[in-house]
Amino acid sequence: MTTVSVITPSGKGGADVELPGEIFGAKVNIPLIHQVVVAQEAAARQGTHATKTRGEVRGGGKKPYRQKGTGRARQGSLRAPQYAGGGTVFGPVPRSYEQRTPKKMKAAALRGALSDRTSHGRLAVVSAFVEDGEPSTAGALTVLRTAVGEAGSRLRRPVLVVLTANDDVARKSLRNIPLVRVLDCGQLNTYDVLACDHVVFTQAALAEFVARTGGGELVTVDKPAAKPARAARPKAAAEDGEEPAAKPARAAKPKAAAEDAVEPAAKPAKAPASRARKTTTASATASADDSGGDAAPTGVEQGSSETSGRSASSGSGAAQKEEEE
């Protein structure tokens, strides 16, 4: 549902009007609108065109010359179609161009045209064009320019104004303005809506049109009153020449850990159980550190013992060879 502000002749803000969605928010069916507009333009044709055949033309009753012996083509009348002033063959005859269009199609096309103007912001509502009871073209033109958003003194785009049937004051005020088409709400049609760039309703005409098309009653929403400005607080300290007292400083939170200078104990590292060799080496290193660092590393002791064992075995082998010889 779309809400439109009502424009008043005084320029003051009026109430807001809620446009029914089933009329001003319907789906735009372009082929349907085209069919209805073509039918409407066809019905506006008078269809009084007519021509005379050779039997309806005055004169030509006598045969111009004899049938044979002249060497010319035989002729029976000077009012034949090939002669100047003769009759017309298969010319237009009076007829009606009216096309049958169902009422529901016309109503749907009108809803689509109004919805298109509403979606593009080209539909406006005014409370009245003239405040007093006297017609005023200048006053009505001012309200109309405000409604369509024109800044110049003249309108540059065609405008459709929809009034009630008994609003003679507004009708007399608007009838001499160029590019303005005035219709009653009962005469509103698809062609006139599409032929004009803007559609302007009076509030009474809009309510009557909505009630006529089955949209119910027109809903008017009053604008809330503006809130009064907030009064400034008096500055007593500035008037007396006294400076405001400073706010007390916020007390710092005590840091117990920083004051005691106690560091948290580190967690012991977990030794992997699968690697027993590394664990043995680490324990040997730790025992060496406890003894003051004089003892050699375990790995070095093992290496020296292995070297001495090898030398001893080699010496015993040389002695055995000498005995055998």
# chains A, B, ... in the order shown; residues from 1 in each chain; ligands from 1
>>> residues_around(residues="Gly25 (chain A)", least_positions_apart="2", cutoff="8 Å", atoms="only C-alpha atoms", output="PyMOL selection string")
chain A and resi 1-2+20-23+27+111-112+115+118-119
>>> residues_around(residues="Ser96 (chain A)", least_positions_apart="5", cutoff="12 Å", atoms="only C-alpha atoms", output="PyMOL selection string")
chain A and resi 39+42-49
>>> write_last_selection(atoms="all heavy atoms", output="tab-separated table (two decimals), in the first residue's frame")
chain	number	residue	atom	x	y	z
A	39	ALA	N	-9.17	-0.23	-28.87
A	39	ALA	CA	-10.62	-0.30	-28.93
A	39	ALA	C	-11.26	1.05	-28.60
A	39	ALA	O	-12.26	1.45	-29.22
A	39	ALA	CB	-11.13	-1.37	-27.97
A	42	ALA	N	-10.72	3.30	-31.59
A	42	ALA	CA	-11.59	2.87	-32.69
A	42	ALA	C	-13.03	3.30	-32.46
A	42	ALA	O	-13.74	3.71	-33.40
A	42	ALA	CB	-11.51	1.36	-32.87
A	43	ALA	N	-13.46	3.22	-31.22
A	43	ALA	CA	-14.84	3.62	-30.92
A	43	ALA	C	-15.04	5.12	-31.06
A	43	ALA	O	-16.19	5.58	-31.23
A	43	ALA	CB	-15.20	3.17	-29.51
A	44	ALA	N	-13.94	5.89	-30.99
A	44	ALA	CA	-14.07	7.34	-31.14
A	44	ALA	C	-14.21	7.77	-32.60
A	44	ALA	O	-14.53	8.93	-32.87
A	44	ALA	CB	-12.85	8.03	-30.53
A	45	ARG	N	-13.99	6.88	-33.54
A	45	ARG	CA	-14.15	7.22	-34.95
A	45	ARG	C	-15.63	7.36	-35.30
A	45	ARG	O	-16.47	6.54	-34.89
A	45	ARG	CB	-13.50	6.17	-35.84
A	45	ARG	CG	-12.02	6.00	-35.60
A	45	ARG	CD	-11.42	4.96	-36.53
A	45	ARG	NE	-11.51	5.37	-37.93
A	45	ARG	CZ	-10.99	4.67	-38.93
A	45	ARG	NH1	-10.34	3.53	-38.69
A	45	ARG	NH2	-11.11	5.09	-40.18
A	46	GLN	N	-15.96	8.36	-36.11
A	46	GLN	CA	-17.36	8.57	-36.49
A	46	GLN	C	-17.83	7.53	-37.51
A	46	GLN	O	-18.98	7.09	-37.46
A	46	GLN	CB	-17.53	9.97	-37.07
A	46	GLN	CG	-17.32	11.08	-36.04
A	46	GLN	CD	-17.54	12.45	-36.63
A	46	GLN	OE1	-17.75	12.59	-37.84
A	46	GLN	NE2	-17.51	13.46	-35.79
A	47	GLY	N	-16.97	7.18	-38.44
A	47	GLY	CA	-17.35	6.18	-39.43
A	47	GLY	C	-18.37	6.68	-40.44
A	47	GLY	O	-19.16	5.90	-40.98
A	48	THR	N	-18.37	7.99	-40.73
A	48	THR	CA	-19.35	8.56	-41.67
A	48	THR	C	-18.78	8.72	-43.08
A	48	THR	O	-19.36	9.43	-43.91
A	48	THR	CB	-19.80	9.93	-41.16
A	48	THR	OG1	-18.65	10.76	-40.96
A	48	THR	CG2	-20.54	9.79	-39.84
A	49	HIS	N	-17.64	8.13	-43.36
A	49	HIS	CA	-17.04	8.27	-44.69
A	49	HIS	C	-17.90	7.52	-45.71
A	49	HIS	O	-18.46	6.45	-45.44
A	49	HIS	CB	-15.62	7.72	-44.69
A	49	HIS	CG	-15.46	6.46	-43.90
A	49	HIS	ND1	-16.22	5.34	-44.11
A	49	HIS	CD2	-14.64	6.15	-42.86
A	49	HIS	CE1	-15.87	4.38	-43.28
A	49	HIS	NE2	-14.90	4.86	-42.49
>>> residues_around(residues="Gln40 (chain A)", least_positions_apart="2", cutoff="12 Å", atoms="only C-alpha atoms", output="ChimeraX atom specification")
/A:33-38,42-45,97-101,106,109,189-192
>>> write_last_selection(atoms="C-alpha atoms", output="PDB file, in the first residue's frame")
ATOM      1  CA  ILE A  33      -3.680  -1.995 -22.035  1.00  0.00           C
ATOM      2  CA  HIS A  34      -2.822  -1.846 -25.750  1.00  0.00           C
ATOM      3  CA  GLN A  35      -5.974  -3.745 -26.702  1.00  0.00           C
ATOM      4  CA  VAL A  36      -8.201  -1.502 -24.593  1.00  0.00           C
ATOM      5  CA  VAL A  37      -6.603   1.702 -25.935  1.00  0.00           C
ATOM      6  CA  VAL A  38      -6.975   0.559 -29.557  1.00  0.00           C
ATOM      7  CA  ALA A  42     -11.588   2.874 -32.693  1.00  0.00           C
ATOM      8  CA  ALA A  43     -14.837   3.622 -30.919  1.00  0.00           C
ATOM      9  CA  ALA A  44     -14.067   7.338 -31.143  1.00  0.00           C
ATOM     10  CA  ARG A  45     -14.154   7.224 -34.950  1.00  0.00           C
ATOM     11  CA  TYR A  97     -15.564   0.756 -35.900  1.00  0.00           C
ATOM     12  CA  GLU A  98     -16.619  -0.137 -32.380  1.00  0.00           C
ATOM     13  CA  GLN A  99     -14.973  -3.191 -30.820  1.00  0.00           C
ATOM     14  CA  ARG A 100     -16.532  -5.185 -28.074  1.00  0.00           C
ATOM     15  CA  THR A 101     -14.434  -4.989 -24.908  1.00  0.00           C
ATOM     16  CA  LYS A 106     -11.412  -2.098 -19.190  1.00  0.00           C
ATOM     17  CA  ALA A 109      -6.399  -1.865 -17.946  1.00  0.00           C
ATOM     18  CA  ASN A 189     -10.297   6.000 -18.627  1.00  0.00           C
ATOM     19  CA  THR A 190      -7.108   4.256 -19.682  1.00  0.00           C
ATOM     20  CA  TYR A 191      -6.368   6.406 -22.728  1.00  0.00           C
ATOM     21  CA  ASP A 192      -6.454   9.718 -20.856  1.00  0.00           C
TER      22      ASP A 192
END
>>> residues_around(residues="region 171-180 of chain A", least_positions_apart="3", cutoff="9 Å", atoms="only C-alpha atoms", output="ChimeraX atom specification")
/A:129-130,134-141,154-161,163,167-168,183,196
>>> write_last_selection(atoms="C-alpha atoms", output="PDB file, in the first residue's frame")
ATOM      1  CA  PHE A 129      -7.237  23.955  -5.933  1.00  0.00           C
ATOM      2  CA  VAL A 130      -8.881  27.128  -4.617  1.00  0.00           C
ATOM      3  CA  GLU A 134     -14.187  32.198  -6.334  1.00  0.00           C
ATOM      4  CA  PRO A 135     -12.421  30.696  -9.366  1.00  0.00           C
ATOM      5  CA  SER A 136      -8.733  31.606  -9.627  1.00  0.00           C
ATOM      6  CA  THR A 137      -6.593  30.355 -12.487  1.00  0.00           C
ATOM      7  CA  ALA A 138      -3.354  31.700 -10.962  1.00  0.00           C
ATOM      8  CA  GLY A 139      -4.006  30.026  -7.607  1.00  0.00           C
ATOM      9  CA  ALA A 140      -4.993  26.725  -9.225  1.00  0.00           C
ATOM     10  CA  LEU A 141      -1.881  26.804 -11.417  1.00  0.00           C
ATOM     11  CA  ARG A 154       4.099  27.098 -17.318  1.00  0.00           C
ATOM     12  CA  LEU A 155       3.582  23.373 -17.480  1.00  0.00           C
ATOM     13  CA  ARG A 156       5.892  21.459 -19.789  1.00  0.00           C
ATOM     14  CA  ARG A 157       4.084  18.119 -19.608  1.00  0.00           C
ATOM     15  CA  PRO A 158       0.388  17.251 -20.009  1.00  0.00           C
ATOM     16  CA  VAL A 159      -1.453  16.787 -16.731  1.00  0.00           C
ATOM     17  CA  LEU A 160      -4.727  14.976 -16.075  1.00  0.00           C
ATOM     18  CA  VAL A 161      -6.861  16.467 -13.297  1.00  0.00           C
ATOM     19  CA  LEU A 163     -12.502  16.236 -10.090  1.00  0.00           C
ATOM     20  CA  ASP A 167     -16.677  20.905  -8.372  1.00  0.00           C
ATOM     21  CA  ASP A 168     -17.408  23.827 -10.704  1.00  0.00           C
ATOM     22  CA  LEU A 183     -12.244  14.876 -16.175  1.00  0.00           C
ATOM     23  CA  CYS A 196      -0.822  12.524 -19.709  1.00  0.00           C
TER      24      CYS A 196
END
>>> select_by_dssp(residues="region 143-188 of chain A", states="strand (DSSP E or B)", output="ChimeraX atom specification")
/A:159-163,180-184
>>> atom_distance(atom1="CA of Asp16 (chain A)", atom2="CA of Leu218 (chain A)")
10.7 Å
>>> closest_residue(among="A:Leu188, A:Val4, A:Arg212, A:Glu217", to="Ala113 (chain A)", atoms="only C-alpha atoms")
A:Leu188
